[in-house]
$ cat entry25.cif   # mmCIF, C-alpha atoms and all ligand atoms
data_my_file
loop_
_atom_site.group_PDB
_atom_site.id
_atom_site.type_symbol
_atom_site.label_atom_id
_atom_site.label_comp_id
_atom_site.auth_asym_id
_atom_site.auth_seq_id
_atom_site.Cartn_x
_atom_site.Cartn_y
_atom_site.Cartn_z
ATOM 1 C CA MET I 1 13.289 18.372 -7.677
ATOM 2 C CA ILE I 2 11.894 16.432 -4.744
ATOM 3 C CA ARG I 3 8.214 15.831 -4.034
ATOM 4 C CA VAL I 4 6.309 14.348 -1.113
ATOM 5 C CA GLY I 5 3.164 12.229 -1.484
ATOM 6 C CA ILE I 6 0.540 10.843 0.873
ATOM 7 C CA GLY I 7 -1.793 7.892 0.433
ATOM 8 C CA TYR I 8 -4.591 6.538 2.579
ATOM 9 C CA ASP I 9 -6.863 3.518 2.341
ATOM 10 C CA LEU I 10 -9.422 1.682 4.457
ATOM 11 C CA HIS I 11 -11.108 -1.676 4.009
ATOM 12 C CA ARG I 12 -13.756 -3.414 6.043
ATOM 13 C CA LEU I 13 -12.656 -6.740 7.559
ATOM 14 C CA VAL I 14 -14.967 -9.739 7.187
ATOM 15 C CA ARG I 15 -14.800 -13.459 7.879
ATOM 16 C CA GLY I 16 -14.019 -15.727 4.954
ATOM 17 C CA ARG I 17 -11.551 -13.368 3.277
ATOM 18 C CA PRO I 18 -7.731 -13.530 3.493
ATOM 19 C CA PHE I 19 -5.890 -10.653 5.182
ATOM 20 C CA ILE I 20 -3.433 -9.493 2.504
ATOM 21 C CA LEU I 21 -0.763 -6.894 3.165
ATOM 22 C CA ALA I 22 1.979 -6.070 0.636
ATOM 23 C CA GLY I 23 1.167 -9.316 -1.172
ATOM 24 C CA ILE I 24 1.589 -11.429 1.977
ATOM 25 C CA ARG I 25 -1.222 -13.491 3.412
ATOM 26 C CA LEU I 26 -1.222 -12.824 7.179
ATOM 27 C CA GLN I 27 -2.715 -14.935 9.963
ATOM 28 C CA ALA I 28 -5.981 -13.250 11.007
ATOM 29 C CA LYS I 29 -9.608 -14.165 11.711
ATOM 30 C CA ARG I 30 -10.877 -11.668 9.139
ATOM 31 C CA GLY I 31 -9.687 -10.259 5.827
ATOM 32 C CA GLU I 32 -10.287 -7.222 3.654
ATOM 33 C CA LEU I 33 -13.594 -6.923 1.835
ATOM 34 C CA ALA I 34 -12.779 -5.584 -1.629
ATOM 35 C CA TYR I 35 -13.288 -5.912 -5.354
ATOM 36 C CA SER I 36 -9.558 -6.520 -5.772
ATOM 37 C CA ASP I 37 -7.515 -8.652 -3.350
ATOM 38 C CA GLY I 38 -8.030 -5.830 -0.815
ATOM 39 C CA ASP I 39 -4.323 -5.196 -0.216
ATOM 40 C CA VAL I 40 -4.861 -2.001 1.749
ATOM 41 C CA LEU I 41 -1.127 -1.280 2.086
ATOM 42 C CA ALA I 42 -0.434 -1.670 -1.649
ATOM 43 C CA HIS I 43 -3.369 0.659 -2.379
ATOM 44 C CA ALA I 44 -2.160 3.394 0.004
ATOM 45 C CA VAL I 45 1.380 3.174 -1.434
ATOM 46 C CA CYS I 46 -0.008 3.490 -4.998
ATOM 47 C CA ASP I 47 -1.801 6.698 -4.020
ATOM 48 C CA ALA I 48 1.287 8.123 -2.266
ATOM 49 C CA LEU I 49 3.408 7.538 -5.405
ATOM 50 C CA LEU I 50 0.720 8.881 -7.745
ATOM 51 C CA GLY I 51 0.147 11.906 -5.518
ATOM 52 C CA ALA I 52 3.835 12.832 -5.319
ATOM 53 C CA SER I 53 4.220 12.563 -9.102
ATOM 54 C CA ALA I 54 0.798 14.175 -9.778
ATOM 55 C CA LEU I 55 -0.141 11.315 -12.127
ATOM 56 C CA GLY I 56 -3.620 10.583 -10.791
ATOM 57 C CA ASP I 57 -4.978 8.213 -8.191
ATOM 58 C CA ILE I 58 -5.679 4.519 -7.868
ATOM 59 C CA GLY I 59 -9.422 4.958 -8.482
ATOM 60 C CA SER I 60 -8.866 6.604 -11.872
ATOM 61 C CA LEU I 61 -6.122 4.196 -12.993
ATOM 62 C CA PHE I 62 -7.862 1.006 -11.821
ATOM 63 C CA PRO I 63 -11.615 1.727 -11.772
ATOM 64 C CA PRO I 64 -13.633 -0.884 -9.806
ATOM 65 C CA SER I 65 -16.120 -0.852 -12.697
ATOM 66 C CA ASP I 66 -13.440 -2.515 -14.849
ATOM 67 C CA GLU I 67 -13.705 -6.334 -14.808
ATOM 68 C CA ARG I 68 -9.915 -6.609 -15.168
ATOM 69 C CA TRP I 69 -9.415 -5.562 -11.533
ATOM 70 C CA LYS I 70 -11.754 -8.152 -10.016
ATOM 71 C CA ASP I 71 -9.646 -10.051 -7.421
ATOM 72 C CA ALA I 72 -6.603 -8.314 -8.939
ATOM 73 C CA ASP I 73 -3.153 -8.796 -7.407
ATOM 74 C CA SER I 74 -2.579 -5.329 -5.956
ATOM 75 C CA MET I 75 1.207 -5.762 -5.892
ATOM 76 C CA ARG I 76 1.040 -6.006 -9.705
ATOM 77 C CA MET I 77 -1.026 -2.806 -9.693
ATOM 78 C CA LEU I 78 1.708 -1.222 -7.532
ATOM 79 C CA ALA I 79 4.421 -2.419 -9.935
ATOM 80 C CA SER I 80 2.615 -0.820 -12.890
ATOM 81 C CA VAL I 81 2.059 2.417 -10.922
ATOM 82 C CA TYR I 82 5.785 2.590 -10.156
ATOM 83 C CA ASP I 83 6.611 1.916 -13.842
ATOM 84 C CA LEU I 84 4.504 4.974 -14.719
ATOM 85 C CA VAL I 85 6.226 7.059 -12.030
ATOM 86 C CA ARG I 86 9.694 5.942 -13.219
ATOM 87 C CA GLU I 87 8.825 6.708 -16.866
ATOM 88 C CA ARG I 88 8.385 10.351 -15.836
ATOM 89 C CA GLY I 89 11.846 10.363 -14.268
ATOM 90 C CA TRP I 90 10.895 9.966 -10.605
ATOM 91 C CA ASN I 91 12.842 7.764 -8.182
ATOM 92 C CA LEU I 92 11.748 6.679 -4.731
ATOM 93 C CA VAL I 93 13.826 8.228 -1.942
ATOM 94 C CA ASN I 94 11.883 6.613 0.893
ATOM 95 C CA LEU I 95 8.482 5.286 1.886
ATOM 96 C CA ASP I 96 6.987 5.253 5.390
ATOM 97 C CA CYS I 97 3.690 3.593 6.338
ATOM 98 C CA ILE I 98 1.337 3.105 9.283
ATOM 99 C CA VAL I 99 -0.976 0.087 9.360
ATOM 100 C CA ASN I 100 -3.824 0.598 11.821
ATOM 101 C CA CYS I 101 -5.561 -2.655 12.811
ATOM 102 C CA GLU I 102 -6.283 -4.864 15.835
ATOM 103 C CA GLU I 103 -4.753 -8.002 14.390
ATOM 104 C CA PRO I 104 -2.390 -9.362 13.245
ATOM 105 C CA ARG I 105 0.624 -7.762 14.921
ATOM 106 C CA ILE I 106 2.451 -5.962 12.116
ATOM 107 C CA LEU I 107 5.792 -6.255 13.901
ATOM 108 C CA ASP I 108 5.698 -10.026 13.312
ATOM 109 C CA TYR I 109 5.622 -9.414 9.548
ATOM 110 C CA ARG I 110 7.548 -6.162 9.268
ATOM 111 C CA ASP I 111 10.715 -7.511 7.641
ATOM 112 C CA GLU I 112 8.749 -9.592 5.149
ATOM 113 C CA ILE I 113 6.507 -6.614 4.270
ATOM 114 C CA ARG I 114 9.507 -4.298 3.803
ATOM 115 C CA ALA I 115 11.289 -6.869 1.636
ATOM 116 C CA ASN I 116 8.215 -7.405 -0.541
ATOM 117 C CA LEU I 117 7.629 -3.681 -1.074
ATOM 118 C CA ALA I 118 11.346 -3.196 -1.807
ATOM 119 C CA ARG I 119 11.265 -5.959 -4.428
ATOM 120 C CA VAL I 120 8.283 -4.468 -6.265
ATOM 121 C CA LEU I 121 9.672 -0.933 -6.003
ATOM 122 C CA ARG I 122 13.121 -2.175 -7.110
ATOM 123 C CA THR I 123 14.926 -0.609 -4.151
ATOM 124 C CA GLU I 124 16.531 -1.563 -0.835
ATOM 125 C CA ALA I 125 14.371 -2.458 2.180
ATOM 126 C CA ASP I 126 16.367 0.218 4.044
ATOM 127 C CA ARG I 127 14.349 2.898 2.196
ATOM 128 C CA ILE I 128 11.025 1.443 3.338
ATOM 129 C CA PHE I 129 9.464 1.349 6.776
ATOM 130 C CA VAL I 130 6.182 0.037 8.162
ATOM 131 C CA LYS I 131 4.717 0.554 11.622
ATOM 132 C CA GLY I 132 1.705 -1.123 13.214
ATOM 133 C CA LYS I 133 -0.771 0.716 15.445
ATOM 134 C CA THR I 134 -3.861 -0.729 17.101
ATOM 135 C CA GLY I 135 -7.191 1.081 17.403
ATOM 136 C CA GLU I 136 -7.216 0.818 21.230
ATOM 137 C CA GLY I 137 -10.732 -0.628 21.079
ATOM 138 C CA VAL I 138 -12.083 2.579 19.506
ATOM 139 C CA GLY I 139 -14.350 2.608 16.456
ATOM 140 C CA LYS I 140 -14.495 0.128 13.568
ATOM 141 C CA VAL I 141 -10.715 -0.403 13.606
ATOM 142 C CA GLY I 142 -10.655 -0.936 17.376
ATOM 143 C CA LYS I 143 -13.436 -3.517 17.080
ATOM 144 C CA GLY I 144 -11.460 -5.414 14.434
ATOM 145 C CA ARG I 145 -13.957 -4.570 11.682
ATOM 146 C CA ALA I 146 -11.675 -2.392 9.562
ATOM 147 C CA VAL I 147 -8.047 -1.773 8.670
ATOM 148 C CA GLN I 148 -6.614 1.535 7.545
ATOM 149 C CA VAL I 149 -3.229 2.557 6.220
ATOM 150 C CA TRP I 150 -1.389 5.831 5.724
ATOM 151 C CA ALA I 151 1.641 5.915 3.452
ATOM 152 C CA THR I 152 3.965 8.791 2.736
ATOM 153 C CA CYS I 153 6.776 8.858 0.200
ATOM 154 C CA LEU I 154 9.492 11.133 -1.080
ATOM 155 C CA LEU I 155 10.381 11.106 -4.783
ATOM 156 C CA ASP I 156 13.208 12.833 -6.544
ATOM 157 C CA ASN I 157 13.654 13.691 -10.182
ATOM 158 C CA PRO I 158 17.193 14.723 -11.157
ATOM 159 C CA GLU I 159 15.996 16.020 -14.567
ATOM 160 C CA LYS I 160 13.557 18.540 -13.137
ATOM 161 C CA GLU I 161 14.617 21.871 -11.684
ATOM 162 C CA ALA I 162 13.112 22.716 -8.298
HETATM 163 ZN ZN ZN E 1 -8.120 -0.380 -1.214
#
$ encode --input "entry25.cif" --output "C-alpha cells"
Amino acid sequence: MIRVGIGYDLHRLVRGRPFILAGIRLQAKRGELAYSDGDVLAHAVCDALLGASALGDIGSLFPPSDERWKDADSMRMLASVYDLVRERGWNLVNLDCIVNCEEPRILDYRDEIRANLARVLRTEADRIFVKGKTGEGVGKVGKGRAVQVWATCLLDNPEKEA
C-alpha cells in the first residue's frame, strides 16, 4: 500500500529570533516566532508524515500547552514522529517541500537542508527535495513578516494490501 500526505505550517517572523529551517540556523534579519524553536519546515514535514499514516497531527502529539515543548528542538520532534510512522510499517518513498519566504534564499542552503532531513529520516538525500519561493512583495510573506511551508510525502507499507 502507498499513501500520500500533505503538511503545511506558517510562522510569523520577528526580530531577535533565529531563523531555523530543518535544524539549521540560517542568516536572516528575522526568525520564527514560536513556542518551540519555530522550525516551520520540520513542522510541515511532521504533519505530512502523520497525515499519510493517519496517526494524528503535530498539534495533538506535541500540544503547545505542554511545558516539554517550550523551545523544543523540532528535528527531535520529527525524529520521534518518524519512529511512530516506522513502527506501523511505513517507509518514506519521497518528500517534496516548498519554503515560501522573502529571505534567506533557500537555494543557498538546499543541500544542507536535504542532508539534514535525510539524516533524521534515515534515508538518502536523493529522496528529499526542497524549493524556495518568494512572496513577490504580496501579503505578510512578501513583506518578510511570515514564512510558510508546504510538504508532501509518499509512504509505502509492504505489509498492507492496497
Ligand atoms: Zn510550526
$ closest_atom_pairs --input "entry25.cif" --of "segment 13-94 of chain I" --to "segment 3-6 of chain I" --cutoff "7 Å" --atoms "all atoms listed in the file" --output "JSON lines"
{"residue": "I:Asp47", "atom": "CA", "partner": "I:Ile6", "partner_atom": "CA", "distance": 6.8}
{"residue": "I:Ala48", "atom": "CA", "partner": "I:Ile6", "partner_atom": "CA", "distance": 4.2}
{"residue": "I:Leu49", "atom": "CA", "partner": "I:Gly5", "partner_atom": "CA", "distance": 6.1}
{"residue": "I:Gly51", "atom": "CA", "partner": "I:Gly5", "partner_atom": "CA", "distance": 5.0}
{"residue": "I:Ala52", "atom": "CA", "partner": "I:Gly5", "partner_atom": "CA", "distance": 3.9}
$ resolve_selection --input "entry25.cif" --expression "the PyMOL selection byres (((chain I and resi 16-25) around 8) and not hetatm)" --output "tab-separated table (two decimals) with C-alpha atoms, in the frame of the given file"
chain	number	residue	atom	x	y	z
I	13	LEU	CA	-12.66	-6.74	7.56
I	14	VAL	CA	-14.97	-9.74	7.19
I	15	ARG	CA	-14.80	-13.46	7.88
I	26	LEU	CA	-1.22	-12.82	7.18
I	27	GLN	CA	-2.72	-14.94	9.96
I	28	ALA	CA	-5.98	-13.25	11.01
I	30	ARG	CA	-10.88	-11.67	9.14
I	31	GLY	CA	-9.69	-10.26	5.83
I	32	GLU	CA	-10.29	-7.22	3.65
I	33	LEU	CA	-13.59	-6.92	1.84
I	37	ASP	CA	-7.52	-8.65	-3.35
I	38	GLY	CA	-8.03	-5.83	-0.82
I	39	ASP	CA	-4.32	-5.20	-0.22
I	40	VAL	CA	-4.86	-2.00	1.75
I	41	LEU	CA	-1.13	-1.28	2.09
I	42	ALA	CA	-0.43	-1.67	-1.65
I	73	ASP	CA	-3.15	-8.80	-7.41
I	74	SER	CA	-2.58	-5.33	-5.96
I	75	MET	CA	1.21	-5.76	-5.89
I	113	ILE	CA	6.51	-6.61	4.27
I	116	ASN	CA	8.22	-7.40	-0.54
I	117	LEU	CA	7.63	-3.68	-1.07
$ resolve_selection --input "entry25.cif" --expression "the PyMOL selection byres (((chain I and resi 77) around 10) and not hetatm)" --output "list in words"
Ala42, His43, Cys46, Ile58, Leu61, Phe62, Trp69, Ala72, Asp73, Ser74, Met75, Arg76, Leu78, Ala79, Ser80, Val81, Tyr82 and Asp83 of chain I
$ residues_around --input "entry25.cif" --residues "Val147 of chain I" --least-positions-apart "3" --cutoff "7 Å" --atoms "all atoms listed in the file" --output "ChimeraX atom specification"
/I:10-13,100-101,141
$ closest_residue --input "entry25.cif" --among "I:Leu107, I:Lys29, I:Asp71, I:Ala118" --to "ligand ZN 1 (chain E)" --atoms "only C-alpha atoms and all ligand atoms"
I:Asp71
$ closest_residue --input "entry25.cif" --among "I:Asn94, I:Ala125, I:Tyr35, I:Val45" --to "Asp66 of chain I" --atoms "all atoms listed in the file"
I:Tyr35
$ resolve_selection --input "entry25.cif" --expression "the PyMOL selection byres (((chain I and resi 156) around 7) and not hetatm)" --output "PDB file with C-alpha atoms, in the frame of the given file"
ATOM      1  CA  MET I   1      13.289  18.372  -7.677  1.00  0.00           C
ATOM      2  CA  ILE I   2      11.894  16.432  -4.744  1.00  0.00           C
ATOM      3  CA  ARG I   3       8.214  15.831  -4.034  1.00  0.00           C
ATOM      4  CA  TRP I  90      10.895   9.966 -10.605  1.00  0.00           C
ATOM      5  CA  ASN I  91      12.842   7.764  -8.182  1.00  0.00           C
ATOM      6  CA  LEU I  92      11.748   6.679  -4.731  1.00  0.00           C
ATOM      7  CA  VAL I  93      13.826   8.228  -1.942  1.00  0.00           C
ATOM      8  CA  LEU I 154       9.492  11.133  -1.080  1.00  0.00           C
ATOM      9  CA  LEU I 155      10.381  11.106  -4.783  1.00  0.00           C
ATOM     10  CA  ASN I 157      13.654  13.691 -10.182  1.00  0.00           C
ATOM     11  CA  PRO I 158      17.193  14.723 -11.157  1.00  0.00           C
TER      12      PRO I 158
END
$ atom_distance --input "entry25.cif" --atom1 "atom CA of Gly139 of chain I" --atom2 "atom CA of Asp57 of chain I"
27.0 Å
$ atom_distance --input "entry25.cif" --atom1 "atom CA of Pro63 of chain I" --atom2 "atom CA of Gly144 of chain I"
27.2 Å
$ closest_residue --input "entry25.cif" --among "I:Ser36, I:Ser53, I:Thr123, I:Thr134" --to "Val99 of chain I" --atoms "only C-alpha atoms"
I:Thr134
$ atom_distance --input "entry25.cif" --atom1 "atom CA of Arg114 of chain I" --atom2 "atom CA of Gln148 of chain I"
17.5 Å
$ closest_residue --input "entry25.cif" --among "I:Gly135, I:Trp150, I:Glu67, I:Ile106" --to "ligand ZN 1 (chain E)" --atoms "all atoms listed in the file"
I:Trp150
$ closest_residue --input "entry25.cif" --among "I:Cys97, I:Ala162, I:Val149, I:Ala54" --to "ligand ZN 1 (chain E)" --atoms "all atoms listed in the file"
I:Val149
$ closest_residue --input "entry25.cif" --among "I:Asp96, I:Ala146, I:Glu112, I:Lys160" --to "ligand ZN 1 (chain E)" --atoms "all atoms listed in the file"
I:Ala146
$ axis_aligned_box --input "entry25.cif" --around "segment 14-17 of chain I" --padding-each-side "6 Å" --output "lines of an AutoDock Vina configuration file"
center_x = -13.3
center_y = -12.7
center_z = 5.6
size_x = 15.4
size_y = 18.0
size_z = 16.6
$ build_atoms --input "entry25.cif" --residues "segment 29-40 of chain I" --atoms "all heavy atoms" --output "PDB file, in the coordinates of the input"
ATOM      1  N   LYS I  29      -8.264 -13.569  11.764  1.00  0.00           N
ATOM      2  CA  LYS I  29      -9.608 -14.165  11.711  1.00  0.00           C
ATOM      3  C   LYS I  29     -10.441 -13.590  10.565  1.00  0.00           C
ATOM      4  O   LYS I  29     -11.350 -14.231  10.069  1.00  0.00           O
ATOM      5  CB  LYS I  29     -10.335 -13.934  13.045  1.00  0.00           C
ATOM      6  CG  LYS I  29      -9.775 -14.796  14.186  1.00  0.00           C
ATOM      7  CD  LYS I  29     -10.666 -14.798  15.411  1.00  0.00           C
ATOM      8  CE  LYS I  29     -10.524 -13.590  16.300  1.00  0.00           C
ATOM      9  NZ  LYS I  29      -9.206 -13.450  16.943  1.00  0.00           N
ATOM     10  N   ARG I  30     -10.126 -12.342  10.196  1.00  0.00           N
ATOM     11  CA  ARG I  30     -10.877 -11.668   9.139  1.00  0.00           C
ATOM     12  C   ARG I  30      -9.931 -11.129   8.071  1.00  0.00           C
ATOM     13  O   ARG I  30      -8.739 -10.970   8.338  1.00  0.00           O
ATOM     14  CB  ARG I  30     -11.673 -10.491   9.731  1.00  0.00           C
ATOM     15  CG  ARG I  30     -12.800 -10.914  10.650  1.00  0.00           C
ATOM     16  CD  ARG I  30     -13.286  -9.767  11.522  1.00  0.00           C
ATOM     17  NE  ARG I  30     -14.323 -10.221  12.422  1.00  0.00           N
ATOM     18  CZ  ARG I  30     -15.632 -10.169  12.161  1.00  0.00           C
ATOM     19  NH1 ARG I  30     -16.052  -9.653  11.029  1.00  0.00           N
ATOM     20  NH2 ARG I  30     -16.514 -10.622  13.027  1.00  0.00           N
ATOM     21  N   GLY I  31     -10.495 -10.840   6.899  1.00  0.00           N
ATOM     22  CA  GLY I  31      -9.687 -10.259   5.827  1.00  0.00           C
ATOM     23  C   GLY I  31     -10.426  -9.116   5.157  1.00  0.00           C
ATOM     24  O   GLY I  31     -11.616  -8.890   5.408  1.00  0.00           O
ATOM     25  N   GLU I  32      -9.725  -8.413   4.293  1.00  0.00           N
ATOM     26  CA  GLU I  32     -10.287  -7.222   3.654  1.00  0.00           C
ATOM     27  C   GLU I  32     -11.409  -7.572   2.673  1.00  0.00           C
ATOM     28  O   GLU I  32     -11.254  -8.447   1.816  1.00  0.00           O
ATOM     29  CB  GLU I  32      -9.208  -6.462   2.879  1.00  0.00           C
ATOM     30  CG  GLU I  32      -8.060  -5.921   3.711  1.00  0.00           C
ATOM     31  CD  GLU I  32      -6.788  -6.735   3.535  1.00  0.00           C
ATOM     32  OE1 GLU I  32      -6.890  -7.952   3.224  1.00  0.00           O
ATOM     33  OE2 GLU I  32      -5.701  -6.156   3.711  1.00  0.00           O
ATOM     34  N   LEU I  33     -12.502  -6.839   2.798  1.00  0.00           N
ATOM     35  CA  LEU I  33     -13.594  -6.923   1.835  1.00  0.00           C
ATOM     36  C   LEU I  33     -13.256  -5.947   0.711  1.00  0.00           C
ATOM     37  O   LEU I  33     -13.028  -4.767   0.962  1.00  0.00           O
ATOM     38  CB  LEU I  33     -14.915  -6.521   2.509  1.00  0.00           C
ATOM     39  CG  LEU I  33     -16.180  -6.590   1.655  1.00  0.00           C
ATOM     40  CD1 LEU I  33     -16.500  -8.020   1.270  1.00  0.00           C
ATOM     41  CD2 LEU I  33     -17.352  -5.975   2.404  1.00  0.00           C
ATOM     42  N   ALA I  34     -13.182  -6.455  -0.519  1.00  0.00           N
ATOM     43  CA  ALA I  34     -12.779  -5.584  -1.629  1.00  0.00           C
ATOM     44  C   ALA I  34     -13.098  -6.236  -2.955  1.00  0.00           C
ATOM     45  O   ALA I  34     -13.311  -7.445  -3.038  1.00  0.00           O
ATOM     46  CB  ALA I  34     -11.279  -5.312  -1.578  1.00  0.00           C
ATOM     47  N   TYR I  35     -13.099  -5.413  -3.994  1.00  0.00           N
ATOM     48  CA  TYR I  35     -13.288  -5.912  -5.354  1.00  0.00           C
ATOM     49  C   TYR I  35     -12.005  -6.572  -5.836  1.00  0.00           C
ATOM     50  O   TYR I  35     -12.021  -7.631  -6.456  1.00  0.00           O
ATOM     51  CB  TYR I  35     -13.668  -4.739  -6.268  1.00  0.00           C
ATOM     52  CG  TYR I  35     -14.166  -5.197  -7.602  1.00  0.00           C
ATOM     53  CD1 TYR I  35     -15.390  -5.866  -7.698  1.00  0.00           C
ATOM     54  CD2 TYR I  35     -13.428  -4.983  -8.756  1.00  0.00           C
ATOM     55  CE1 TYR I  35     -15.843  -6.311  -8.924  1.00  0.00           C
ATOM     56  CE2 TYR I  35     -13.889  -5.416  -9.981  1.00  0.00           C
ATOM     57  CZ  TYR I  35     -15.092  -6.082 -10.070  1.00  0.00           C
ATOM     58  OH  TYR I  35     -15.548  -6.528 -11.274  1.00  0.00           O
ATOM     59  N   SER I  36     -10.875  -5.942  -5.467  1.00  0.00           N
ATOM     60  CA  SER I  36      -9.558  -6.520  -5.772  1.00  0.00           C
ATOM     61  C   SER I  36      -9.209  -7.494  -4.650  1.00  0.00           C
ATOM     62  O   SER I  36     -10.081  -7.938  -3.919  1.00  0.00           O
ATOM     63  CB  SER I  36      -8.521  -5.392  -5.843  1.00  0.00           C
ATOM     64  OG  SER I  36      -8.364  -4.806  -4.566  1.00  0.00           O
ATOM     65  N   ASP I  37      -7.915  -7.789  -4.467  1.00  0.00           N
ATOM     66  CA  ASP I  37      -7.515  -8.652  -3.350  1.00  0.00           C
ATOM     67  C   ASP I  37      -7.557  -7.910  -2.014  1.00  0.00           C
ATOM     68  O   ASP I  37      -7.309  -8.503  -0.970  1.00  0.00           O
ATOM     69  CB  ASP I  37      -6.118  -9.259  -3.607  1.00  0.00           C
ATOM     70  CG  ASP I  37      -5.012  -8.210  -3.672  1.00  0.00           C
ATOM     71  OD1 ASP I  37      -5.306  -7.014  -3.467  1.00  0.00           O
ATOM     72  OD2 ASP I  37      -3.865  -8.589  -3.935  1.00  0.00           O
ATOM     73  N   GLY I  38      -7.852  -6.602  -2.048  1.00  0.00           N
ATOM     74  CA  GLY I  38      -8.030  -5.830  -0.815  1.00  0.00           C
ATOM     75  C   GLY I  38      -6.743  -5.441  -0.108  1.00  0.00           C
ATOM     76  O   GLY I  38      -6.774  -5.076   1.068  1.00  0.00           O
ATOM     77  N   ASP I  39      -5.629  -5.506  -0.822  1.00  0.00           N
ATOM     78  CA  ASP I  39      -4.323  -5.196  -0.216  1.00  0.00           C
ATOM     79  C   ASP I  39      -4.245  -3.700   0.111  1.00  0.00           C
ATOM     80  O   ASP I  39      -3.798  -2.888  -0.697  1.00  0.00           O
ATOM     81  CB  ASP I  39      -3.213  -5.619  -1.182  1.00  0.00           C
ATOM     82  CG  ASP I  39      -1.840  -5.621  -0.541  1.00  0.00           C
ATOM     83  OD1 ASP I  39      -1.613  -4.848   0.401  1.00  0.00           O
ATOM     84  OD2 ASP I  39      -0.996  -6.406  -1.008  1.00  0.00           O
ATOM     85  N   VAL I  40      -4.700  -3.386   1.303  1.00  0.00           N
ATOM     86  CA  VAL I  40      -4.861  -2.001   1.749  1.00  0.00           C
ATOM     87  C   VAL I  40      -3.525  -1.238   1.755  1.00  0.00           C
ATOM     88  O   VAL I  40      -3.479  -0.046   1.439  1.00  0.00           O
ATOM     89  CB  VAL I  40      -5.570  -2.003   3.134  1.00  0.00           C
ATOM     90  CG1 VAL I  40      -4.730  -2.698   4.191  1.00  0.00           C
ATOM     91  CG2 VAL I  40      -5.984  -0.635   3.598  1.00  0.00           C
TER      92      VAL I  40
END
